[in-house]
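Colleague: One file: data37.txt (compact mmCIF, C-alpha atoms and all ligand atoms).
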# COMPACT_ATOMS: atom_id res chain seq x y z
CA MET C 152 94.01 -15.74 188.04
CA VAL C 153 92.62 -13.07 190.33
CA TYR C 154 92.31 -13.48 194.06
CA ASN C 155 91.21 -11.26 196.84
CA CYS C 156 93.48 -10.02 199.57
CA ILE C 157 91.82 -12.12 202.23
CA ASN C 158 93.27 -14.98 204.18
CA ASN C 159 92.22 -18.58 204.65
CA SER C 160 90.38 -17.95 207.88
CA GLN C 161 88.32 -15.19 206.29
CA LEU C 162 87.47 -17.54 203.47
CA GLY C 163 86.31 -19.99 206.09
CA LEU C 164 87.68 -22.81 203.94
CA TYR C 165 90.79 -23.84 205.83
CA PRO C 166 92.09 -23.44 209.36
CA PRO C 167 94.43 -20.41 209.48
CA ILE C 168 97.82 -22.07 209.07
CA CYS C 169 101.26 -20.44 208.72
CA LEU C 170 102.56 -21.13 205.20
CA LEU C 171 106.11 -21.40 206.54
CA CYS C 172 105.87 -23.57 209.65
CA ASN C 173 102.29 -24.95 209.55
CA ALA C 174 101.53 -23.54 213.01
CA LYS C 175 98.02 -22.29 213.58
CA THR C 176 98.00 -18.51 213.29
CA ALA C 177 95.89 -16.01 215.13
CA ASN C 178 96.69 -12.99 212.95
CA GLU C 179 95.03 -11.89 209.76
CA MET C 180 97.72 -13.24 207.43
CA ASP C 181 98.81 -16.70 206.38
CA ILE C 182 101.93 -16.45 208.52
CA CYS C 183 102.47 -16.79 212.28
CA SER C 184 103.97 -13.93 214.28
CA ALA C 185 107.20 -15.83 214.99
CA CYS C 186 107.84 -16.44 211.26
CA LEU C 187 106.82 -12.86 210.44
CA THR C 188 109.44 -11.43 212.81
CA GLU C 189 112.17 -13.57 211.30
CA LEU C 190 111.64 -12.54 207.67
CA PRO C 191 114.69 -10.86 206.06
CA HIS C 192 113.43 -7.26 206.15
CA ASN C 193 115.42 -5.00 203.83
CA SER C 194 116.06 -2.31 206.40
CA ASN C 195 119.09 -0.01 206.35
CA SER C 196 119.01 0.30 202.58
CA CYS C 197 119.50 3.06 200.03
CA ARG C 198 116.29 5.04 199.42
CA ILE C 199 116.97 5.15 195.68
CA CYS C 200 118.27 1.68 194.74
CA ALA C 201 117.26 -0.38 197.83
CA LEU C 202 120.73 -1.92 198.18
CA PRO C 203 122.15 -2.21 201.71
CA LEU C 204 124.00 0.82 203.05
CA THR C 205 127.33 0.22 204.75
CA GLN C 206 126.67 3.16 207.04
CA PHE C 207 123.13 4.20 207.78
CA SER C 208 122.32 7.85 208.14
CA PRO C 209 118.59 8.48 208.62
CA ASP C 210 118.98 12.04 207.27
CA HIS C 211 120.58 10.96 204.03
CA PRO C 212 119.92 7.31 203.23
CA VAL C 213 121.42 7.31 199.72
CA CYS C 214 124.38 5.16 198.63
CA GLY C 215 127.52 6.41 196.88
CA ASN C 216 126.55 4.87 193.53
CA CYS C 217 123.20 6.68 193.46
CA LEU C 218 124.88 9.94 194.51
CA ARG C 219 127.34 9.61 191.61
CA GLN C 220 124.76 8.53 189.04
CA ALA C 221 121.08 8.48 189.94
CA PRO C 222 119.00 5.83 188.13
CA PRO C 223 115.98 6.87 185.97
CA PHE C 224 113.56 5.96 188.78
CA ASP C 225 113.16 8.27 191.78
CA SER C 226 113.14 5.67 194.54
CA CYS C 227 113.02 1.93 195.07
CA HIS C 228 111.40 0.25 198.03
CA ALA C 229 112.00 -3.48 198.45
CA ALA C 230 110.31 -4.96 201.50
CA PHE C 231 112.80 -7.84 201.88
CA SER C 232 116.19 -8.97 200.80
CA TYR C 233 115.92 -11.89 198.41
CA SER C 234 116.86 -14.69 200.76
CA TYR C 235 115.22 -17.60 202.54
CA PRO C 236 112.30 -17.90 203.27
CA ILE C 237 111.08 -15.00 201.05
CA SER C 238 112.90 -16.48 198.02
CA ASN C 239 111.12 -19.75 198.69
CA LEU C 240 107.66 -18.16 199.00
CA ILE C 241 108.23 -16.22 195.75
CA SER C 242 109.34 -19.35 193.87
CA ARG C 243 106.36 -21.33 195.09
CA PHE C 244 104.07 -18.51 193.97
CA LYS C 245 105.73 -18.05 190.57
CA PHE C 246 106.47 -21.58 189.53
CA SER C 247 103.82 -23.64 191.32
CA ASN C 248 101.06 -21.07 190.94
CA LYS C 249 100.13 -21.24 194.62
CA LEU C 250 97.48 -18.59 195.17
CA GLU C 251 97.76 -18.47 198.93
CA HIS C 252 101.45 -17.60 198.58
CA GLY C 253 100.60 -14.70 196.26
CA ARG C 254 98.03 -13.50 198.76
CA LEU C 255 100.53 -13.59 201.63
CA LEU C 256 103.19 -11.82 199.54
CA SER C 257 100.76 -9.02 198.56
CA ASN C 258 99.79 -8.61 202.21
CA LEU C 259 103.45 -8.39 203.22
CA LEU C 260 104.10 -5.72 200.61
CA ILE C 261 101.05 -3.71 201.76
CA ARG C 262 102.28 -3.89 205.37
CA SER C 263 105.73 -2.71 204.35
CA ILE C 264 104.38 0.20 202.27
CA GLU C 265 102.28 1.29 205.25
CA ALA C 266 105.02 0.80 207.84
CA ASN C 267 107.45 2.90 205.77
CA ARG C 268 104.80 5.55 205.04
CA LEU C 269 105.69 5.54 201.35
CA PRO C 270 104.14 8.32 199.29
CA LEU C 271 101.25 6.85 197.32
CA PRO C 272 101.32 7.12 193.51
CA GLU C 273 98.37 7.89 191.26
CA LEU C 274 98.91 4.71 189.27
CA ILE C 275 100.52 1.28 189.79
CA LEU C 276 102.12 -0.29 186.75
CA PRO C 277 103.18 -3.93 187.15
CA VAL C 278 106.28 -4.87 185.10
CA PRO C 279 104.87 -6.41 181.89
CA LEU C 280 105.88 -9.88 180.75
CA HIS C 281 106.55 -10.68 177.11
CA ARG C 282 103.70 -12.74 175.64
CA SER C 283 105.95 -15.79 175.19
CA ARG C 284 106.75 -15.79 178.94
CA LEU C 285 103.11 -15.13 179.78
CA ARG C 286 102.08 -18.15 177.73
CA GLU C 287 104.70 -20.30 179.46
CA ARG C 288 103.79 -19.24 183.02
CA GLY C 289 100.09 -18.61 182.54
CA PHE C 290 100.03 -15.40 184.58
CA ASN C 291 102.06 -12.27 185.26
CA GLN C 292 103.21 -12.49 188.88
CA ALA C 293 103.77 -8.71 189.07
CA LEU C 294 100.17 -8.05 188.04
CA GLU C 295 98.80 -10.62 190.50
CA LEU C 296 100.76 -8.97 193.32
CA ALA C 297 99.73 -5.48 192.19
CA LEU C 298 95.96 -6.05 192.10
CA PRO C 299 95.43 -6.50 195.88
CA VAL C 300 97.90 -3.65 196.58
CA GLY C 301 95.93 -1.33 194.28
CA ARG C 302 92.65 -2.44 195.82
CA HIS C 303 93.94 -1.87 199.35
CA PHE C 304 95.14 1.69 198.68
CA GLY C 305 92.44 2.58 196.14
CA ILE C 306 95.00 3.13 193.34
CA PRO C 307 94.27 1.98 189.77
CA VAL C 308 96.51 -0.80 188.37
CA ASP C 309 97.42 -0.36 184.71
CA SER C 310 98.41 -3.52 182.85
CA LYS C 311 97.37 -2.26 179.42
CA SER C 312 99.35 0.90 178.60
CA CYS C 313 102.76 -0.73 178.48
CA LYS C 314 103.82 -3.90 176.67
CA LYS C 315 107.05 -5.83 176.66
CA ILE C 316 107.72 -6.07 172.96
CA ARG C 317 110.82 -8.27 172.95
CA PRO C 318 111.69 -11.30 175.01
CA THR C 319 114.91 -10.74 176.96
CA GLU C 320 117.48 -13.11 178.36
CA ALA C 321 117.50 -13.55 182.17
CA GLN C 322 119.27 -10.43 183.43
CA SER C 323 121.12 -12.30 186.17
CA ASN C 324 123.17 -14.23 183.57
CA LEU C 325 124.63 -11.06 182.05
CA HIS C 326 127.28 -8.47 182.84
CA LYS C 327 126.25 -4.87 183.49
CA ARG C 328 126.77 -3.54 179.96
CA GLU C 329 125.13 -6.60 178.38
CA ARG C 330 122.17 -6.19 180.75
CA GLN C 331 121.62 -2.61 179.64
CA LYS C 332 121.85 -3.64 175.98
CA ASN C 333 119.59 -6.67 176.53
CA ILE C 334 116.75 -4.63 178.02
CA ARG C 335 117.07 -1.53 175.82
CA LYS C 336 113.81 -0.64 174.02
CA ALA C 337 112.15 -3.77 175.44
CA PHE C 338 109.02 -1.84 176.45
CA SER C 339 106.55 0.06 174.34
CA MET C 340 103.72 2.39 175.39
CA LYS C 341 100.33 2.30 173.74
CA ASN C 342 99.34 5.68 175.11
CA ILE C 343 100.68 8.69 176.99
CA LEU C 344 100.10 8.44 180.74
CA THR C 345 97.76 11.00 182.26
CA ASP C 346 99.01 10.27 185.79
CA SER C 347 102.29 11.93 186.61
CA HIS C 348 103.28 9.84 189.68
CA VAL C 349 103.60 6.14 188.90
CA ALA C 350 104.86 3.18 190.93
CA ILE C 351 106.32 0.25 189.00
CA LEU C 352 105.60 -3.00 190.85
CA ASP C 353 107.69 -6.15 190.54
CA ASP C 354 108.24 -9.26 192.60
CA VAL C 355 112.05 -9.18 192.65
CA VAL C 356 114.47 -6.44 191.60
CA THR C 357 117.66 -8.20 190.59
CA THR C 358 120.01 -5.85 188.78
CA GLY C 359 117.75 -2.84 188.49
CA SER C 360 118.22 -2.69 184.68
CA THR C 361 114.64 -3.78 183.91
CA VAL C 362 112.96 -1.26 186.22
CA ALA C 363 115.42 1.42 185.04
CA GLU C 364 114.46 0.85 181.40
CA LEU C 365 110.76 0.77 182.27
CA ALA C 366 111.09 4.00 184.31
CA ARG C 367 112.87 5.64 181.36
CA THR C 368 110.01 4.57 179.05
CA LEU C 369 107.35 5.88 181.47
CA LYS C 370 109.13 9.23 181.83
CA GLN C 371 109.29 9.59 178.05
CA ASN C 372 105.53 9.03 178.02
CA GLY C 373 104.10 11.41 180.57
CA ALA C 374 105.31 10.33 184.04
CA ASP C 375 107.22 12.91 186.12
CA ARG C 376 107.92 10.69 189.06
CA VAL C 377 108.48 6.93 189.01
CA ASP C 378 108.95 4.91 192.19
CA VAL C 379 109.65 1.19 192.29
CA TRP C 380 107.84 -1.13 194.72
CA ALA C 381 109.17 -4.64 195.01
CA LEU C 382 108.84 -7.51 197.37
CA ALA C 383 112.51 -8.34 197.37
CA ARG C 384 115.90 -7.06 196.23
CA THR C 385 118.86 -9.28 195.49
CA HIS C 386 122.09 -7.95 197.03
ZN ZN C 401 105.15 -19.82 211.17
ZN ZN C 402 121.60 3.51 195.95
Written as structure tokens, how would this file's structure read?
Modeller:
Amino acid sequence: MVYNCINNSQLGLYPPICLLCNAKTANEMDICSACLTELPHNSNSCRICALPLTQFSPDHPVCGNCLRQAPPFDSCHAAFSYSYPISNLISRFKFSNKLEHGRLLSNLLIRSIEANRLPLPELILPVPLHRSRLRERGFNQALELALPVGRHFGIPVDSKSCKKIRPTEAQSNLHKRERQKNIRKAFSMKNILTDSHVAILDDVVTTGSTVAELARTLKQNGADRVDVWALARTH
């Protein structure tokens, strides 16, 4: 499943319709400007873990937890908090395989990366799925989101170097220590990375344990800097 980062109107197949409210849209995305404004943007969040900050200081936007113990990744940018209607768009994309939803979500992530002037990596690495999950779903949602992002910024997307070698239980069902144990050594690298600045891309960052383990693996295999790009962060 590979689609281009173009909207319905550009395809000339459908009238440009907002995927959230069905209104006709005049912009270049599959969302109207009213719905776009109301999305749950993840502003005022920690630069390292993307969780909300109780007090925002533009000079030092890092939370107490990250100051005490920094995670293995260098920063995490999540465009939205995982709440309605973003949660709904992501579910429809992941579980109903709706291509136009994936296209809108990629476009939203691109906009957010540009608006926040994030430093661009040399390589984008979508979080790999274990082959059993891949078989069940039919596609890796992180890879499908990453391809248009890579194309837009002219950054290669690497879905080959890293594999998920064990299936893991859903992280959200586990306590913190169990989560770390569950994900430990879940990823394996086929080769050493030649690019030193990598961005891991995922649809939703839930506990941060998965991207932390992946960042650790990438740093053991040639990466110096690992950022995380996600559509949404659960709080
Ligand atoms: Zn709308
Ligand atoms: Zn933090």
Colleague: If you measure from atom CA of C:Asp378 to atom CA of C:Arg330, what distance in Å do you get, rounded to one decimal?
Modeller: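 Going from atom CA of C:Asp378 over to atom CA of C:Arg330 covers 20.7 Å.
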Colleague: Which residues, written as a list in words, have at least one atom at most 10 Å from C:Ala185, with only C-alpha atoms counted and residues fewer than 5 positions away on the same chain left out?
Modeller: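 Within the cut-off, the hits are Cys169, Cys172, Ala174, Thr176 and Leu190 of chain C.
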Colleague: Pick from C:Pro191, C:Pro203, C:Pro236, C:Gly215: nearest to ligand ZN 401 (chain C), with only C-alpha atoms and all ligand atoms counted?
Modeller: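 Checking each candidate against ligand ZN 401 (chain C), we get C:Pro236 as the closest.
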Colleague: For a cutoff of 8 Å around the file-coordinate point (98.7, -1.0, 174.4), which residues qualify once you count only C-alpha atoms? I'd like the result as a ChimeraX atom specification.
Modeller: /C:311-314,339-342
Colleague: Restrict the selected residues to C-alpha atoms and save them as a CSV table (one decimal), in the coordinates of the input.
Modeller:
chain,number,residue,atom,x,y,z
C,311,LYS,CA,97.4,-2.3,179.4
C,312,SER,CA,99.4,0.9,178.6
C,313,CYS,CA,102.8,-0.7,178.5
C,314,LYS,CA,103.8,-3.9,176.7
C,339,SER,CA,106.6,0.1,174.3
C,340,MET,CA,103.7,2.4,175.4
C,341,LYS,CA,100.3,2.3,173.7
C,342,ASN,CA,99.3,5.7,175.1
Colleague: Could you tell me how far atom CA of C:Ser247 sits from atom CA of C:Gly289, in Å to one decimal place?
Modeller: 10.8 Å
Colleague: Using only C-alpha atoms and all ligand atoms, tabulate the residues of chain C lying at most 8 Å from any atom of ligand ZN 402 (chain C), each with its closest atom pair and that distance in Å to one decimal, by chain and increasing residue number, as JSON lines.
Modeller:
{"residue": "C:Ser196", "atom": "CA", "partner": "C:ZN402", "partner_atom": "ZN", "distance": 7.8}
{"residue": "C:Cys197", "atom": "CA", "partner": "C:ZN402", "partner_atom": "ZN", "distance": 4.6}
{"residue": "C:Arg198", "atom": "CA", "partner": "C:ZN402", "partner_atom": "ZN", "distance": 6.5}
{"residue": "C:Ile199", "atom": "CA", "partner": "C:ZN402", "partner_atom": "ZN", "distance": 4.9}
{"residue": "C:Cys200", "atom": "CA", "partner": "C:ZN402", "partner_atom": "ZN", "distance": 4.0}
{"residue": "C:Ala201", "atom": "CA", "partner": "C:ZN402", "partner_atom": "ZN", "distance": 6.1}
{"residue": "C:Leu202", "atom": "CA", "partner": "C:ZN402", "partner_atom": "ZN", "distance": 5.9}
{"residue": "C:Leu204", "atom": "CA", "partner": "C:ZN402", "partner_atom": "ZN", "distance": 8.0}
{"residue": "C:Val213", "atom": "CA", "partner": "C:ZN402", "partner_atom": "ZN", "distance": 5.4}
{"residue": "C:Cys214", "atom": "CA", "partner": "C:ZN402", "partner_atom": "ZN", "distance": 4.2}
{"residue": "C:Gly215", "atom": "CA", "partner": "C:ZN402", "partner_atom": "ZN", "distance": 6.7}
{"residue": "C:Asn216", "atom": "CA", "partner": "C:ZN402", "partner_atom": "ZN", "distance": 5.7}
{"residue": "C:Cys217", "atom": "CA", "partner": "C:ZN402", "partner_atom": "ZN", "distance": 4.3}
{"residue": "C:Leu218", "atom": "CA", "partner": "C:ZN402", "partner_atom": "ZN", "distance": 7.4}
{"residue": "C:Ala221", "atom": "CA", "partner": "C:ZN402", "partner_atom": "ZN", "distance": 7.8}
Colleague: Name the closest residue to C:Asp354 among the candidates C:Leu171, C:Ala383, C:Leu240, C:Leu269; distances are taken between atoms, counting only C-alpha atoms.
Modeller: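 Answer, going by the shortest atom-to-atom distance: C:Ala383.
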Colleague: Just to confirm, what's the straight-line distance from atom CA of C:Pro270 to atom CA of C:Ala350 in Å (one decimal)?
Modeller: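 That distance, rounded to one decimal, is 9.8 Å.
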Colleague: Let me make sure I understand: among C:Val379, C:Leu285, C:Met180, C:Cys227, which one has the smallest atom-to-atom distance to ligand ZN 401 (chain C) if we use only C-alpha atoms and all ligand atoms?
Modeller: C:Met180
Colleague: Looking at C:Ala177, C:Leu255, C:Ala229, C:Leu369, which one is nearest to C:Leu274, with distances taken over only C-alpha atoms?
Modeller: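 Once distances to C:Leu274 are computed over only C-alpha atoms, the minimum belongs to C:Leu369.
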Colleague: Please provide the set of residues having any atom within 12 Å of C:Thr358, restricted to all atoms listed in the file, with same-chain residues fewer than 3 positions apart removed, written as an MDAnalysis selection string.
Modeller: chainID C and resid 200:202 222 321:331 334 355 361:364 383:386
Colleague: Only C-alpha atoms, please: the residues just picked out, written as an mmCIF file, in the frame of the given file.
Modeller:
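Resulting contents of selection.cif:
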data_model
loop_
_atom_site.group_PDB
_atom_site.id
_atom_site.type_symbol
_atom_site.label_atom_id
_atom_site.label_comp_id
_atom_site.auth_asym_id
_atom_site.auth_seq_id
_atom_site.Cartn_x
_atom_site.Cartn_y
_atom_site.Cartn_z
ATOM 1 C CA CYS C 200 118.270 1.680 194.740
ATOM 2 C CA ALA C 201 117.260 -0.380 197.830
ATOM 3 C CA LEU C 202 120.730 -1.920 198.180
ATOM 4 C CA PRO C 222 119.000 5.830 188.130
ATOM 5 C CA ALA C 321 117.500 -13.550 182.170
ATOM 6 C CA GLN C 322 119.270 -10.430 183.430
ATOM 7 C CA SER C 323 121.120 -12.300 186.170
ATOM 8 C CA ASN C 324 123.170 -14.230 183.570
ATOM 9 C CA LEU C 325 124.630 -11.060 182.050
ATOM 10 C CA HIS C 326 127.280 -8.470 182.840
ATOM 11 C CA LYS C 327 126.250 -4.870 183.490
ATOM 12 C CA ARG C 328 126.770 -3.540 179.960
ATOM 13 C CA GLU C 329 125.130 -6.600 178.380
ATOM 14 C CA ARG C 330 122.170 -6.190 180.750
ATOM 15 C CA GLN C 331 121.620 -2.610 179.640
ATOM 16 C CA ILE C 334 116.750 -4.630 178.020
ATOM 17 C CA VAL C 355 112.050 -9.180 192.650
ATOM 18 C CA THR C 361 114.640 -3.780 183.910
ATOM 19 C CA VAL C 362 112.960 -1.260 186.220
ATOM 20 C CA ALA C 363 115.420 1.420 185.040
ATOM 21 C CA GLU C 364 114.460 0.850 181.400
ATOM 22 C CA ALA C 383 112.510 -8.340 197.370
ATOM 23 C CA ARG C 384 115.900 -7.060 196.230
ATOM 24 C CA THR C 385 118.860 -9.280 195.490
ATOM 25 C CA HIS C 386 122.090 -7.950 197.030
#
Colleague: Using all atoms listed in the file, which protein or nucleic acid residues come within 12 Å of C:Ala293? Drop anything in the same chain fewer than 2 positions from it, and give the result as a PyMOL selection string.
Modeller: chain C and resi 241+244-245+253+256-257+260+275-280+285+290-291+295-301+308-310+351-356+379-382
Colleague: Give me, as a ChimeraX atom specification, all polymer residues having an atom no more than 9 Å from C:Gly373, counting all atoms listed in the file and skipping those fewer than 2 positions away in the same chain.
Modeller: /C:343-347,369-371,375
Colleague: Using only C-alpha atoms and all ligand atoms, can you tell me which of C:Cys183, C:Pro272, C:Asn178, C:Phe304 comes closest to ligand ZN 401 (chain C)?
Modeller: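 Of the candidates, the smallest distance to ligand ZN 401 (chain C) is held by C:Cys183.
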Colleague: Nearest to C:Arg243: which of C:Gln292, C:Thr368, C:Thr205, C:Ser283 is it, counting only C-alpha atoms?
Modeller: C:Gln292
